[in-house]
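Colleague: One structure is given below, represented as structure tokens, and several questions about it will come after.
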Amino acid sequence: MALKLHENTKHDPIGKLYLPIEEYVNRHKQFNIACEVKLAEQIKGIKAVLALNLKINRLKLGLTQEKLSEKANISTHYFAMVELAKKFPSAGMLERIAAALEIEPHELFYMPSAAENALIGLKVTVAADIERIIGEAVEKVLTAKCKD
């Protein structure tokens, strides 16, 4: 089976991402290792890694840039510039942002390998498949019970 890029491919100012960032956060969608490999190839430099991790972790918490900025006590404009890899924060600012994201500061610079992402994607896919199969089985049993 040939791997192909997602139909919603697009370029992103933080390093030409090939999937919408939400797809990296909402892992219940089908995992695409080809895109993960492309992502790892495209994210170059510490600003881009920081920007990607900020966006991913912010979206995991369901926060807007404005809400996270308030939580970290920084301006929304400054945070947006950091998330776009246009500015780089000081060590103190990184600590405040990490605290607002409820993570350790070093996690802002971690870039998982394609193999790690593949394993995470596989786990999520298997869990989703199990959930779907169980749901279908329960529905089948309930439908049979209702007909009786």
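Within each chain, counting starts at residue 1; across the structure tokens, chains are named A, B, ... in the order shown, with ligands numbered 1 upward in that order.
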Tell me, as JSON, numbers by chain, which residues lie within 7 Å of A:Leu101, counting only C-alpha atoms; anything in the same chain fewer than 2 positions away does not count.
Modeller: {"A": [57, 58, 97, 98, 99, 103]}
Colleague: Include N, CA and C atoms and write out the residues we just selected as a PDB file, in the first residue's frame.
Modeller:
```pdb
ATOM      1  N   ASN A  57       0.801  22.190  22.005  1.00  0.00           N
ATOM      2  CA  ASN A  57       0.431  22.153  23.422  1.00  0.00           C
ATOM      3  C   ASN A  57      -0.704  23.119  23.745  1.00  0.00           C
ATOM      4  N   ARG A  58      -0.761  24.240  23.078  1.00  0.00           N
ATOM      5  CA  ARG A  58      -1.862  25.182  23.285  1.00  0.00           C
ATOM      6  C   ARG A  58      -3.184  24.561  22.830  1.00  0.00           C
ATOM      7  N   ILE A  97       5.570  30.580  29.914  1.00  0.00           N
ATOM      8  CA  ILE A  97       4.753  29.957  28.869  1.00  0.00           C
ATOM      9  C   ILE A  97       4.574  28.467  29.166  1.00  0.00           C
ATOM     10  N   ALA A  98       5.656  27.802  29.543  1.00  0.00           N
ATOM     11  CA  ALA A  98       5.569  26.370  29.866  1.00  0.00           C
ATOM     12  C   ALA A  98       4.615  26.140  31.033  1.00  0.00           C
ATOM     13  N   ALA A  99       4.691  26.992  32.059  1.00  0.00           N
ATOM     14  CA  ALA A  99       3.784  26.856  33.202  1.00  0.00           C
ATOM     15  C   ALA A  99       2.332  27.034  32.752  1.00  0.00           C
ATOM     16  N   ILE A 103       3.341  22.260  31.238  1.00  0.00           N
ATOM     17  CA  ILE A 103       4.415  21.344  30.850  1.00  0.00           C
ATOM     18  C   ILE A 103       5.736  21.879  31.408  1.00  0.00           C
TER      19      ILE A 103
END
```
Colleague: Residues of stretch 63-95 of chain A in alpha helix (DSSP H) according to DSSP, as a ChimeraX atom specification?
Modeller: /A:65-72,76-83,91-95
Colleague: What would the file look like if the residues just selected were written as a PDB file, in the first residue's frame with C-alpha atoms?
Modeller:
```pdb
ATOM      1  CA  GLN A  65      -3.555  32.493  21.754  1.00  0.00           C
ATOM      2  CA  GLU A  66      -5.349  35.190  23.733  1.00  0.00           C
ATOM      3  CA  LYS A  67      -6.287  32.863  26.619  1.00  0.00           C
ATOM      4  CA  LEU A  68      -2.783  31.387  26.827  1.00  0.00           C
ATOM      5  CA  SER A  69      -1.257  34.866  26.725  1.00  0.00           C
ATOM      6  CA  GLU A  70      -3.444  35.904  29.658  1.00  0.00           C
ATOM      7  CA  LYS A  71      -2.481  32.746  31.550  1.00  0.00           C
ATOM      8  CA  ALA A  72       1.244  33.391  30.924  1.00  0.00           C
ATOM      9  CA  THR A  76      -1.151  38.278  22.718  1.00  0.00           C
ATOM     10  CA  HIS A  77       0.819  39.903  19.901  1.00  0.00           C
ATOM     11  CA  TYR A  78       4.152  38.784  21.354  1.00  0.00           C
ATOM     12  CA  PHE A  79       2.910  35.236  21.878  1.00  0.00           C
ATOM     13  CA  ALA A  80       1.589  35.132  18.297  1.00  0.00           C
ATOM     14  CA  MET A  81       5.009  36.222  17.014  1.00  0.00           C
ATOM     15  CA  VAL A  82       6.707  33.459  19.041  1.00  0.00           C
ATOM     16  CA  GLU A  83       4.197  30.880  17.777  1.00  0.00           C
ATOM     17  CA  ALA A  91      14.421  31.956  29.555  1.00  0.00           C
ATOM     18  CA  GLY A  92      12.040  33.539  32.072  1.00  0.00           C
ATOM     19  CA  MET A  93       9.370  33.971  29.421  1.00  0.00           C
ATOM     20  CA  LEU A  94       9.805  30.333  28.345  1.00  0.00           C
ATOM     21  CA  GLU A  95       9.246  29.242  31.946  1.00  0.00           C
TER      22      GLU A  95
END
```
